$ cat input00.txt   # compact mmCIF, C-alpha atoms
# COMPACT_ATOMS: atom_id res chain seq x y z
CA MET A 1454 0.00 0.00 0.00
CA THR A 1455 1.36 3.39 -0.86
CA VAL A 1456 0.72 6.68 0.90
CA GLY A 1457 -2.86 7.72 0.23
CA ALA A 1458 -3.77 4.36 -1.32
CA VAL A 1459 -7.06 2.68 -0.52
CA ALA A 1460 -6.07 -0.99 -0.47
CA GLY A 1461 -5.65 -2.32 3.07
CA ASP A 1462 -5.80 -5.27 5.41
CA ARG A 1463 -9.54 -5.94 5.69
CA VAL A 1464 -9.26 -7.94 8.93
CA GLY A 1465 -8.99 -4.92 11.22
CA ALA A 1466 -11.71 -3.10 9.27
CA ARG A 1467 -14.14 -5.98 9.77
CA ARG A 1468 -13.42 -6.22 13.48
CA GLY A 1469 -13.30 -2.49 14.10
CA GLY A 1470 -16.72 -1.82 12.63
CA THR A 1471 -15.86 1.16 10.45
CA VAL A 1472 -18.03 1.37 7.33
CA PRO A 1473 -17.93 3.60 4.23
CA GLY A 1474 -19.07 7.04 5.14
CA GLY A 1475 -18.12 6.53 8.84
CA THR A 1476 -15.42 8.37 10.77
CA GLY A 1477 -11.81 7.34 11.08
CA PRO A 1478 -10.18 5.77 14.15
CA CYS A 1479 -8.82 9.08 15.36
CA GLY A 1480 -11.81 11.32 14.88
CA GLU A 1481 -11.18 12.14 11.21
CA GLY A 1482 -13.96 12.94 8.79
CA PRO A 1483 -15.75 10.35 6.64
CA VAL A 1484 -13.47 7.58 5.38
CA GLY A 1485 -13.93 4.11 3.92
CA PRO A 1486 -12.80 0.85 5.57
CA ALA A 1487 -9.46 0.67 3.76
CA ASP A 1488 -8.60 4.32 4.49
CA ALA A 1489 -9.61 3.86 8.13
CA GLU A 1490 -7.39 0.76 8.40
CA LEU A 1491 -4.45 2.63 6.89
CA LEU A 1492 -4.91 5.64 9.15
CA GLY A 1493 -5.34 3.35 12.15
CA ARG A 1494 -2.06 1.59 11.52
CA VAL A 1495 -0.23 4.88 10.94
CA PHE A 1496 -1.75 6.14 14.21
CA LEU A 1497 -0.68 3.03 16.14
CA ALA A 1498 2.82 3.16 14.64
CA ARG A 1499 3.17 6.58 16.28
CA VAL A 1500 1.85 5.34 19.64
CA ILE A 1501 3.15 1.78 20.10
CA GLU A 1502 6.88 1.05 20.10
CA PRO A 1503 8.30 -1.43 17.54
CA GLY A 1504 8.22 -5.05 18.66
CA ASP A 1505 5.64 -4.46 21.42
CA GLU A 1506 4.06 -7.91 21.65
CA ALA A 1507 1.25 -6.72 23.91
CA GLY A 1508 0.27 -4.14 21.29
CA GLY A 1509 0.52 -6.76 18.57
CA ARG A 1510 -1.77 -9.05 20.55
CA TRP A 1511 -4.31 -6.24 20.99
CA VAL A 1512 -4.34 -5.66 17.23
CA ARG A 1513 -4.67 -9.38 16.50
CA GLU A 1514 -7.48 -9.94 18.99
CA ARG A 1515 -9.42 -6.66 18.72
CA GLY A 1516 -8.49 -5.17 15.37
CA VAL A 1517 -6.65 -1.99 14.46
CA LEU A 1518 -9.64 0.33 14.69
CA GLU A 1519 -10.80 -0.83 18.12
CA VAL A 1520 -7.31 -0.51 19.61
CA ALA A 1521 -6.92 2.96 18.10
CA ARG A 1522 -10.33 3.98 19.46
CA ARG A 1523 -9.49 2.75 22.97
CA LEU A 1524 -6.16 4.60 22.98
CA ARG A 1525 -7.70 7.79 21.67
CA GLY A 1526 -10.54 7.57 24.22
CA GLY A 1527 -8.17 7.09 27.16
CA GLY A 1528 -10.49 4.75 29.02
CA ARG A 1529 -9.74 1.55 30.92
CA ALA A 1530 -6.41 -0.10 30.09
CA LEU A 1531 -6.32 -3.02 27.70
CA PRO A 1532 -5.15 -6.39 29.11
CA GLY A 1533 -1.41 -6.61 29.72
CA ALA A 1534 -0.83 -2.89 30.24
CA SER A 1535 -0.28 -1.36 33.67
CA GLU A 1536 -2.09 1.86 34.50
CA LYS A 1537 1.17 3.77 34.26
CA ARG A 1538 2.03 2.34 30.85
CA TRP A 1539 -1.50 2.84 29.58
CA ALA A 1540 -1.40 6.48 30.65
CA GLY A 1541 1.82 6.93 28.70
CA LEU A 1542 0.34 5.35 25.58
CA CYS A 1543 -2.76 7.53 25.83
CA ALA A 1544 -0.58 10.62 26.18
CA ARG A 1545 1.19 9.66 22.97
CA ALA A 1546 -2.14 8.98 21.30
CA SER A 1547 -3.40 12.47 22.13
CA ARG A 1548 -0.55 13.97 20.08
CA ALA A 1549 -0.63 11.50 17.16
CA ASP A 1550 -1.76 12.83 13.78
CA PRO A 1551 -1.72 10.08 11.14
CA ARG A 1552 -2.67 12.39 8.27
CA ARG A 1553 0.28 14.61 9.07
CA ASP A 1554 2.61 11.60 9.19
CA LEU A 1555 1.37 10.49 5.78
CA ALA A 1556 1.88 13.99 4.37
CA VAL A 1557 5.43 14.23 5.75
CA ALA A 1558 6.24 10.78 4.39
CA ARG A 1559 4.85 11.70 0.99
CA SER A 1560 7.06 14.80 0.86
CA ALA A 1561 10.08 12.56 1.62
CA GLY A 1562 9.11 10.13 -1.16
CA ALA A 1563 8.04 7.41 1.28
CA ARG A 1564 5.03 5.10 1.41
CA PHE A 1565 3.49 3.04 4.22
CA VAL A 1566 3.28 -0.71 3.51
CA VAL A 1567 0.90 -2.71 5.70
CA PRO A 1568 0.08 -6.42 6.22
CA GLY A 1569 -2.35 -7.93 3.77
CA THR A 1570 -1.33 -5.81 0.79
CA ALA A 1571 0.53 -6.81 -2.36
CA GLU A 1572 3.85 -5.31 -1.26
CA TRP A 1573 3.90 -6.77 2.25
CA PRO A 1574 6.65 -9.44 2.70
CA GLY A 1575 4.86 -12.47 4.08
CA GLN A 1576 7.94 -13.68 5.95
CA LEU A 1577 7.52 -10.80 8.41
CA ASP A 1578 4.44 -12.61 9.69
CA ASP A 1579 6.84 -15.15 11.26
CA LEU A 1580 7.42 -12.53 13.97
CA GLY A 1581 3.96 -13.20 15.38
CA ASP A 1582 2.71 -10.48 17.70
CA ALA A 1583 6.06 -8.69 17.32
CA ARG A 1584 5.33 -8.15 13.62
CA PRO A 1585 5.55 -4.51 12.54
CA LEU A 1586 2.26 -2.64 12.32
CA GLY A 1587 3.56 -1.43 8.95
CA LEU A 1588 6.77 -0.34 7.30
CA TRP A 1589 7.71 3.06 5.89
CA VAL A 1590 9.52 2.56 2.60
CA ARG A 1591 11.57 4.91 0.43
CA GLY A 1592 12.53 3.70 -3.04
CA GLY A 1593 10.88 2.40 -6.17
CA PRO A 1594 11.22 -1.42 -6.06
CA SER A 1595 8.68 -3.74 -4.46
CA LEU A 1596 9.69 -4.60 -0.91
CA ARG A 1597 8.01 -8.00 -1.13
CA MET A 1598 9.77 -8.99 -4.34
CA TRP A 1599 13.16 -7.84 -3.11
CA ALA A 1600 12.79 -9.65 0.20
CA LEU A 1601 12.18 -12.97 -1.57
CA ARG A 1602 15.84 -13.14 -2.63
CA SER A 1603 17.75 -11.26 0.04
CA VAL A 1604 20.62 -11.83 2.47
CA ALA A 1605 21.52 -9.78 5.55
CA VAL A 1606 25.17 -8.76 5.95
CA VAL A 1607 25.79 -7.26 9.39
CA GLY A 1608 28.68 -6.73 11.79
CA ALA A 1609 30.74 -4.39 13.92
CA ARG A 1610 30.47 -0.62 13.64
CA ALA A 1611 34.13 -0.16 14.61
CA CYS A 1612 35.29 -2.82 12.16
CA THR A 1613 38.83 -3.47 11.00
CA GLU A 1614 40.07 -3.05 7.42
CA TYR A 1615 39.68 -6.81 7.07
CA GLY A 1616 36.04 -6.64 8.17
CA ALA A 1617 35.24 -3.78 5.80
CA HIS A 1618 36.97 -5.59 2.92
CA MET A 1619 35.14 -8.87 3.56
CA ALA A 1620 31.75 -7.15 3.91
CA ALA A 1621 32.19 -5.10 0.73
CA THR A 1622 33.51 -8.04 -1.30
CA LEU A 1623 30.81 -10.40 -0.05
CA ALA A 1624 28.05 -7.86 -0.77
CA ALA A 1625 29.38 -7.04 -4.24
CA ASP A 1626 29.58 -10.72 -5.19
CA LEU A 1627 26.09 -11.42 -3.82
CA ALA A 1628 24.71 -8.44 -5.76
CA GLU A 1629 26.36 -9.66 -8.96
CA ARG A 1630 24.64 -13.02 -8.42
CA GLY A 1631 21.26 -11.29 -8.25
CA TRP A 1632 20.82 -11.17 -4.47
CA VAL A 1633 19.57 -8.17 -2.49
CA VAL A 1634 21.95 -7.19 0.31
CA VAL A 1635 20.13 -6.01 3.45
CA SER A 1636 21.85 -4.20 6.32
CA GLY A 1637 21.26 -1.48 8.90
CA GLY A 1638 22.89 1.58 7.33
CA ALA A 1639 25.32 1.98 10.26
CA TYR A 1640 29.03 2.73 10.19
CA GLY A 1641 31.49 -0.12 9.75
CA VAL A 1642 30.35 -3.43 8.27
CA ASP A 1643 26.84 -2.17 7.42
CA GLY A 1644 28.13 0.75 5.38
CA ALA A 1645 30.76 -1.41 3.67
CA ALA A 1646 28.08 -3.95 2.68
CA HIS A 1647 25.80 -1.26 1.23
CA ARG A 1648 28.69 0.34 -0.70
CA GLY A 1649 29.84 -3.04 -2.00
CA ALA A 1650 26.40 -3.80 -3.44
CA LEU A 1651 25.98 -0.30 -4.87
CA GLY A 1652 29.45 -0.37 -6.38
CA ALA A 1653 28.60 -3.59 -8.18
CA GLY A 1654 25.48 -1.95 -9.61
CA GLY A 1655 23.35 -4.27 -7.50
CA ALA A 1656 20.44 -4.10 -5.10
CA THR A 1657 20.63 -3.15 -1.43
CA ALA A 1658 18.15 -2.21 1.30
CA ALA A 1659 18.82 -0.34 4.54
CA VAL A 1660 16.56 -1.02 7.53
CA LEU A 1661 16.76 2.00 9.86
CA ALA A 1662 15.98 2.41 13.56
CA CYS A 1663 14.53 5.88 12.94
CA GLY A 1664 12.21 7.69 10.55
CA VAL A 1665 13.11 7.04 6.93
CA ASP A 1666 13.02 10.81 6.29
CA ARG A 1667 15.81 11.39 8.84
CA PRO A 1668 18.90 9.32 7.88
CA TYR A 1669 20.99 8.05 10.78
CA PRO A 1670 23.89 8.19 11.37
CA PRO A 1671 24.19 11.74 9.95
CA GLY A 1672 27.54 10.85 8.40
CA HIS A 1673 25.74 8.33 6.18
CA THR A 1674 23.13 10.77 4.88
CA ALA A 1675 24.58 10.72 1.35
CA LEU A 1676 24.86 6.92 1.41
CA ILE A 1677 21.29 6.39 2.65
CA ASN A 1678 19.94 8.85 0.10
CA ARG A 1679 21.79 6.95 -2.61
CA ILE A 1680 20.32 3.68 -1.34
CA ALA A 1681 16.85 5.25 -1.58
CA GLU A 1682 17.56 6.19 -5.21
CA GLN A 1683 19.01 2.83 -6.25
CA GLY A 1684 17.35 0.50 -3.71
CA LEU A 1685 15.14 0.69 -0.63
CA VAL A 1686 15.25 2.44 2.75
CA VAL A 1687 12.91 0.81 5.27
CA GLY A 1688 11.84 1.60 8.83
CA GLU A 1689 9.07 0.98 11.37
CA LEU A 1690 9.22 4.35 13.06
CA PRO A 1691 7.12 7.23 11.73
CA PRO A 1692 8.64 10.27 10.01
CA GLY A 1693 10.89 12.38 12.19
CA ASP A 1694 11.40 9.79 14.94
CA HIS A 1695 14.92 9.39 16.31
CA PRO A 1696 16.82 6.19 17.16
CA THR A 1697 17.45 4.87 20.67
CA PRO A 1698 19.52 1.87 21.83
CA SER A 1699 16.40 -0.26 22.27
CA ARG A 1700 15.11 0.68 18.83
CA PHE A 1701 18.36 -0.50 17.24
CA ILE A 1702 17.97 -3.88 18.94
CA LEU A 1703 14.32 -4.20 17.89
CA ARG A 1704 15.13 -3.13 14.34
CA ASN A 1705 17.39 -6.15 14.02
CA ARG A 1706 14.45 -8.58 14.20
CA VAL A 1707 13.07 -7.00 10.99
CA ILE A 1708 16.42 -7.50 9.21
CA ALA A 1709 16.44 -11.15 10.31
CA ALA A 1710 12.83 -11.79 9.29
CA LEU A 1711 13.04 -10.08 5.89
CA THR A 1712 15.96 -12.15 4.65
CA ARG A 1713 16.71 -15.79 3.89
CA GLY A 1714 19.81 -15.72 6.05
CA THR A 1715 22.15 -13.51 8.07
CA VAL A 1716 25.92 -13.28 7.60
CA VAL A 1717 27.89 -11.79 10.50
CA VAL A 1718 31.22 -10.17 9.57
CA GLU A 1719 33.15 -9.24 12.73
CA ALA A 1720 31.27 -8.94 16.02
CA ALA A 1721 32.45 -8.70 19.61
CA TYR A 1722 30.73 -10.68 22.35
CA ARG A 1723 28.38 -7.74 23.02
CA SER A 1724 27.25 -6.78 19.55
CA GLY A 1725 23.90 -5.87 18.03
CA SER A 1726 24.71 -8.02 15.02
CA LEU A 1727 24.63 -11.09 17.28
CA VAL A 1728 21.06 -10.09 18.20
CA THR A 1729 20.24 -10.23 14.49
CA ALA A 1730 21.85 -13.65 14.23
CA ARG A 1731 19.94 -14.99 17.24
CA ALA A 1732 16.68 -13.62 15.84
CA ALA A 1733 17.43 -15.30 12.51
CA ARG A 1734 18.05 -18.60 14.28
CA ARG A 1735 14.74 -18.36 16.18
CA LEU A 1736 12.92 -17.67 12.91
CA GLY A 1737 14.48 -20.68 11.22
CA ARG A 1738 16.70 -18.63 8.90
CA HIS A 1739 20.27 -19.52 7.99
CA VAL A 1740 22.96 -18.05 10.28
CA MET A 1741 26.46 -17.68 8.84
CA GLY A 1742 29.73 -16.20 10.07
CA VAL A 1743 32.92 -14.98 8.41
CA PRO A 1744 35.86 -16.03 10.62
CA GLY A 1745 38.63 -13.65 11.61
CA PRO A 1746 41.95 -13.93 13.46
CA ALA A 1747 41.70 -15.98 16.65
CA THR A 1748 43.31 -13.08 18.53
CA SER A 1749 40.80 -10.46 17.33
CA VAL A 1750 38.28 -9.25 19.91
CA LEU A 1751 36.06 -8.10 17.03
CA SER A 1752 35.81 -11.68 15.75
CA ALA A 1753 35.16 -13.30 19.15
CA GLY A 1754 31.38 -13.06 18.77
CA VAL A 1755 31.48 -14.57 15.29
CA HIS A 1756 33.64 -17.44 16.50
CA GLU A 1757 31.17 -18.08 19.31
CA LEU A 1758 28.40 -18.34 16.70
CA LEU A 1759 30.51 -20.75 14.68
CA ARG A 1760 31.05 -22.93 17.74
CA GLY A 1761 27.26 -23.26 17.83
CA ASP A 1762 25.08 -23.97 14.83
CA ALA A 1763 26.18 -21.13 12.55
CA VAL A 1764 27.89 -22.06 9.29
CA LEU A 1765 31.34 -20.78 8.34
CA VAL A 1766 31.39 -18.92 5.01
CA GLY A 1767 34.22 -17.22 3.19
CA ASP A 1768 32.62 -15.92 0.02
CA ALA A 1769 29.33 -15.35 -1.79
CA ALA A 1770 29.30 -18.81 -3.37
CA GLU A 1771 29.23 -20.45 0.06
CA VAL A 1772 26.44 -18.11 1.19
CA VAL A 1773 24.34 -18.89 -1.89
CA GLU A 1774 24.88 -22.62 -1.36
CA LEU A 1775 22.90 -22.24 1.89
CA VAL A 1776 20.26 -19.64 1.04
CA GLY A 1777 19.85 -20.29 -2.68
CA ASP A 1778 17.84 -22.81 -4.62
CA MET A 1779 18.69 -26.48 -4.75
CA GLY A 1780 21.70 -27.06 -6.98
CA GLU A 1781 23.33 -23.66 -6.47
CA LEU A 1782 26.61 -25.17 -5.29
CA PRO A 1783 30.00 -23.46 -4.92
CA PRO A 1784 32.88 -24.59 -7.16
CA GLU A 1785 35.11 -27.40 -5.91
CA ARG A 1786 37.84 -25.96 -3.68
CA ARG A 1787 41.45 -26.98 -4.27
CA GLY A 1788 44.87 -25.45 -4.18
CA PRO A 1789 46.94 -24.52 -7.24
CA VAL A 1790 48.14 -27.30 -9.53
CA LEU A 1791 51.96 -27.62 -9.28
CA PRO A 1792 54.09 -28.99 -12.12
CA THR A 1793 55.09 -31.96 -9.97
CA ASP A 1794 51.39 -32.86 -9.57
CA LEU A 1795 51.48 -33.97 -13.22
CA LEU A 1796 54.17 -36.58 -12.56
CA GLU A 1797 53.24 -40.23 -12.29
CA ALA A 1798 52.77 -41.26 -8.65
CA ARG A 1799 55.84 -43.53 -8.43
CA THR A 1800 58.01 -40.84 -10.03
CA ARG A 1801 56.81 -38.32 -7.45
CA GLN A 1802 57.75 -40.86 -4.78
CA VAL A 1803 61.31 -41.04 -6.09
CA LEU A 1804 61.51 -37.23 -6.25
CA ALA A 1805 60.36 -37.05 -2.64
CA GLY A 1806 63.14 -39.50 -1.71
CA LEU A 1807 65.82 -36.88 -2.43
CA PRO A 1808 67.01 -34.73 0.50
CA ALA A 1809 66.22 -31.02 0.54
CA ARG A 1810 69.94 -30.28 0.75
CA GLY A 1811 72.96 -32.24 -0.45
CA THR A 1812 73.09 -35.38 -2.55
CA ALA A 1813 71.94 -38.97 -2.20
CA THR A 1814 72.93 -42.13 -4.02
CA ALA A 1815 70.46 -44.07 -6.14
CA ALA A 1816 70.43 -46.81 -3.50
CA GLU A 1817 69.49 -44.30 -0.77
CA VAL A 1818 66.77 -42.80 -2.94
CA ALA A 1819 65.40 -46.26 -3.74
CA ARG A 1820 65.25 -47.14 -0.03
CA ARG A 1821 63.35 -43.93 0.82
CA ALA A 1822 60.99 -44.35 -2.14
CA GLN A 1823 60.41 -48.03 -1.28
CA THR A 1824 61.37 -49.25 -4.74
CA THR A 1825 64.25 -51.07 -6.45
CA GLN A 1826 67.51 -49.34 -7.30
CA ASP A 1827 67.03 -49.97 -11.05
CA ASP A 1828 63.56 -48.39 -10.93
CA ALA A 1829 64.92 -45.44 -8.95
CA VAL A 1830 67.73 -44.86 -11.48
CA ALA A 1831 65.30 -44.96 -14.41
CA ARG A 1832 63.01 -42.41 -12.77
CA LEU A 1833 65.91 -40.18 -11.69
CA TYR A 1834 67.00 -39.89 -15.33
CA GLU A 1835 63.39 -39.04 -16.25
CA LEU A 1836 63.39 -36.33 -13.58
CA ARG A 1837 66.72 -35.01 -14.85
CA ALA A 1838 65.25 -34.63 -18.34
CA LEU A 1839 62.42 -32.56 -16.81
CA GLY A 1840 64.86 -30.34 -14.94
CA TYR A 1841 64.00 -31.48 -11.41
CA VAL A 1842 67.26 -33.26 -10.47
CA GLU A 1843 70.91 -33.27 -11.49
CA ARG A 1844 73.69 -35.85 -11.12
CA HIS A 1845 76.91 -35.18 -9.22
CA GLY A 1846 79.21 -38.22 -9.52
CA ASP A 1847 77.46 -41.10 -7.81
CA GLY A 1848 74.95 -38.79 -6.14
CA TRP A 1849 71.76 -37.03 -7.12
CA LYS A 1850 70.40 -33.69 -5.88
CA LEU A 1851 67.39 -31.45 -6.39
CA THR A 1852 67.56 -28.45 -8.71
CA ARG A 1853 66.24 -25.05 -7.69
CA GLN A 1854 63.16 -25.68 -9.87
CA ALA A 1855 62.18 -28.69 -7.74
CA MET A 1856 62.86 -27.26 -4.28
CA VAL A 1857 59.54 -25.46 -3.58
CA PRO A 1858 57.19 -28.16 -4.93
CA VAL A 1859 59.05 -30.94 -3.12
CA ARG A 1860 59.13 -29.11 0.20
CA SER A 1861 55.44 -28.24 -0.10
CA GLY A 1862 54.63 -31.84 -0.82
CA ARG A 1863 56.64 -33.13 2.14
CA SER A 1864 55.38 -30.81 4.86
CA PRO A 1865 51.93 -31.27 6.37
CA CYS A 1866 51.96 -27.59 7.35

$ encode --input "input00.txt" --output "structure tokens"
Amino acid sequence: MTVGAVAGDRVGARRGGTVPGGTGPCGEGPVGPADAELLGRVFLARVIEPGDEAGGRWVRERGVLEVARRLRGGGRALPGASEKRWAGLCARASRADPRRDLAVARSAGARFVVPGTAEWPGQLDDLGDARPLGLWVRGGPSLRMWALRSVAVVGARACTEYGAHMAATLAADLAERGWVVVSGGAYGVDGAAHRGALGAGGATAAVLACGVDRPYPPGHTALINRIAEQGLVVGELPPGDHPTPSRFILRNRVIAALTRGTVVVEAAYRSGSLVTARAARRLGRHVMGVPGPATSVLSAGVHELLRGDAVLVGDAAEVVELVGDMGELPPERRGPVLPTDLLEARTRQVLAGLPARGTATAAEVARRAQTTQDDAVARLYELRALGYVERHGDGWKLTRQAMVPVRSGRSPC
């Protein structure tokens, strides 16, 4: 549903009892059921904090219009709310003006998407009573369509160069594969992920913990505006609202629910990105982590995830293997092919029988290679023709060409 549109979730309209030609939930003039439902949700989004399960239960059990009417009337508290909390909600309700919020959003190029409409991502319903009342959206693409093929890339704000590089590279590769990269628009890993996707000419969405007309952090204003032009900027809070620590935490559940999986790139033990990962796990989404140095405090939280049921990933192909369709497998992983790999197995055994330094007789080489002396001599001459060994009197030694491959083959490290 876009700002000013008439399509809406009919459930609340049926329960709330508003009919065409009636008045809206907040004392507005004559409106139809769909308009009343829209205005009611905009009103409640201004009054009830994101993720408030008690408020979500009221809406589910009583309908949007009835809950809005009770809050506006300031009567007896609804079940689950103390008198003090109810008084606070009613005070908020007395100042709420849904038509003004819609007008401000329209001027910022935003629309309000609500459950039951064509653009609503159905996977958000997995949040139950913590489901958003609606989402404010800036940007042209369909939120529902983009969410169907999306991955969250989140992590530390104060990330290292390694973290920023991994986030940007991962996001760019995912975008090139046709995936939407979702993050929180913050400094550090979030910003690197958004820039990586944008730089690849791909799709990215920022889920904010404030009004979509007021980019936060201020230092990312240009970035968030660019995301709105090329992708989507999404938020639960009405226009003009500011972020708080609790709103950042609650925002993360939306990131987790919107996407098929969450990748954490650098996170300390106390990190908001771990909240996103835990929410994704509860919702049955894939949880992935990019490992870092064992000594890095910023990777400690990721490593803790990996010790649990998170999956280690190092690139976009490994992410897509988990979140993509059946058959989207990463390429087989193997090290570089060395020239000595092309030798016949028994010849490689003879080559490995030569010492790294000095010479050895054919008999000594044969003993180390577990073959006969005649076989060893024949293969040593073959290796000499290839430039791997040379003869010095009765002894044989490795050439410079053979030193690195042989040492690599001998050492398990």

$ closest_residue --input "input00.txt" --among "A:Thr1613, A:Gly1562, A:Leu1685, A:Leu1518" --to "Arg1597 (chain A)" --atoms "all atoms listed in the file"
A:Leu1685

$ residues_around --input "input00.txt" --residues "region 1652-1657 of chain A" --least-positions-apart "2" --cutoff "12 Å" --atoms "only C-alpha atoms" --output "PyMOL selection string"
chain A and resi 1592-1596+1598-1600+1602-1606+1621-1638+1643-1650+1659-1660+1676-1677+1679-1687+1712

$ write_last_selection --input "input00.txt" --atoms "C-alpha atoms" --output "short mmCIF file (atom, residue, chain, number, x, y, z; two decimals), in the frame of the given file"
data_model
loop_
_atom_site.label_atom_id
_atom_site.label_comp_id
_atom_site.auth_asym_id
_atom_site.auth_seq_id
_atom_site.Cartn_x
_atom_site.Cartn_y
_atom_site.Cartn_z
CA GLY A 1592 12.53 3.70 -3.04
CA GLY A 1593 10.88 2.40 -6.17
CA PRO A 1594 11.22 -1.42 -6.06
CA SER A 1595 8.68 -3.74 -4.46
CA LEU A 1596 9.69 -4.60 -0.91
CA MET A 1598 9.77 -8.99 -4.34
CA TRP A 1599 13.16 -7.84 -3.11
CA ALA A 1600 12.79 -9.65 0.20
CA ARG A 1602 15.84 -13.14 -2.63
CA SER A 1603 17.75 -11.26 0.04
CA VAL A 1604 20.62 -11.83 2.47
CA ALA A 1605 21.52 -9.78 5.55
CA VAL A 1606 25.17 -8.76 5.95
CA ALA A 1621 32.19 -5.10 0.73
CA THR A 1622 33.51 -8.04 -1.30
CA LEU A 1623 30.81 -10.40 -0.05
CA ALA A 1624 28.05 -7.86 -0.77
CA ALA A 1625 29.38 -7.04 -4.24
CA ASP A 1626 29.58 -10.72 -5.19
CA LEU A 1627 26.09 -11.42 -3.82
CA ALA A 1628 24.71 -8.44 -5.76
CA GLU A 1629 26.36 -9.66 -8.96
CA ARG A 1630 24.64 -13.02 -8.42
CA GLY A 1631 21.26 -11.29 -8.25
CA TRP A 1632 20.82 -11.17 -4.47
CA VAL A 1633 19.57 -8.17 -2.49
CA VAL A 1634 21.95 -7.19 0.31
CA VAL A 1635 20.13 -6.01 3.45
CA SER A 1636 21.85 -4.20 6.32
CA GLY A 1637 21.26 -1.48 8.90
CA GLY A 1638 22.89 1.58 7.33
CA ASP A 1643 26.84 -2.17 7.42
CA GLY A 1644 28.13 0.75 5.38
CA ALA A 1645 30.76 -1.41 3.67
CA ALA A 1646 28.08 -3.95 2.68
CA HIS A 1647 25.80 -1.26 1.23
CA ARG A 1648 28.69 0.34 -0.70
CA GLY A 1649 29.84 -3.04 -2.00
CA ALA A 1650 26.40 -3.80 -3.44
CA ALA A 1659 18.82 -0.34 4.54
CA VAL A 1660 16.56 -1.02 7.53
CA LEU A 1676 24.86 6.92 1.41
CA ILE A 1677 21.29 6.39 2.65
CA ARG A 1679 21.79 6.95 -2.61
CA ILE A 1680 20.32 3.68 -1.34
CA ALA A 1681 16.85 5.25 -1.58
CA GLU A 1682 17.56 6.19 -5.21
CA GLN A 1683 19.01 2.83 -6.25
CA GLY A 1684 17.35 0.50 -3.71
CA LEU A 1685 15.14 0.69 -0.63
CA VAL A 1686 15.25 2.44 2.75
CA VAL A 1687 12.91 0.81 5.27
CA THR A 1712 15.96 -12.15 4.65
#

$ atom_distance --input "input00.txt" --atom1 "CA of Arg1610 (chain A)" --atom2 "CA of Gly1777 (chain A)"
27.7 Å

$ atom_distance --input "input00.txt" --atom1 "CA of Val1718 (chain A)" --atom2 "CA of Leu1661 (chain A)"
18.9 Å

$ closest_residue --input "input00.txt" --among "A:Arg1564, A:Arg1552, A:Arg1731, A:Arg1832" --to "Ala1798 (chain A)" --atoms "all atoms listed in the file"
A:Arg1832

$ residues_near_point --input "input00.txt" --point "(70.1, -30.5, 2.0)" --cutoff "12 Å" --atoms "all atoms listed in the file" --output "list in words"
Gly1806, Leu1807, Pro1808, Ala1809, Arg1810, Gly1811, Thr1812, Ala1813, Trp1849, Lys1850, Leu1851, Thr1852, Arg1853, Met1856 and Arg1860 of chain A

$ write_last_selection --input "input00.txt" --atoms "C-alpha atoms" --output "short mmCIF file (atom, residue, chain, number, x, y, z; two decimals), in the frame of the given file"
data_model
loop_
_atom_site.label_atom_id
_atom_site.label_comp_id
_atom_site.auth_asym_id
_atom_site.auth_seq_id
_atom_site.Cartn_x
_atom_site.Cartn_y
_atom_site.Cartn_z
CA GLY A 1806 63.14 -39.50 -1.71
CA LEU A 1807 65.82 -36.88 -2.43
CA PRO A 1808 67.01 -34.73 0.50
CA ALA A 1809 66.22 -31.02 0.54
CA ARG A 1810 69.94 -30.28 0.75
CA GLY A 1811 72.96 -32.24 -0.45
CA THR A 1812 73.09 -35.38 -2.55
CA ALA A 1813 71.94 -38.97 -2.20
CA TRP A 1849 71.76 -37.03 -7.12
CA LYS A 1850 70.40 -33.69 -5.88
CA LEU A 1851 67.39 -31.45 -6.39
CA THR A 1852 67.56 -28.45 -8.71
CA ARG A 1853 66.24 -25.05 -7.69
CA MET A 1856 62.86 -27.26 -4.28
CA ARG A 1860 59.13 -29.11 0.20
#

$ closest_residue --input "input00.txt" --among "A:Glu1572, A:Asp1666, A:Pro1691, A:Leu1804" --to "Gln1823 (chain A)" --atoms "all atoms listed in the file"
A:Leu1804
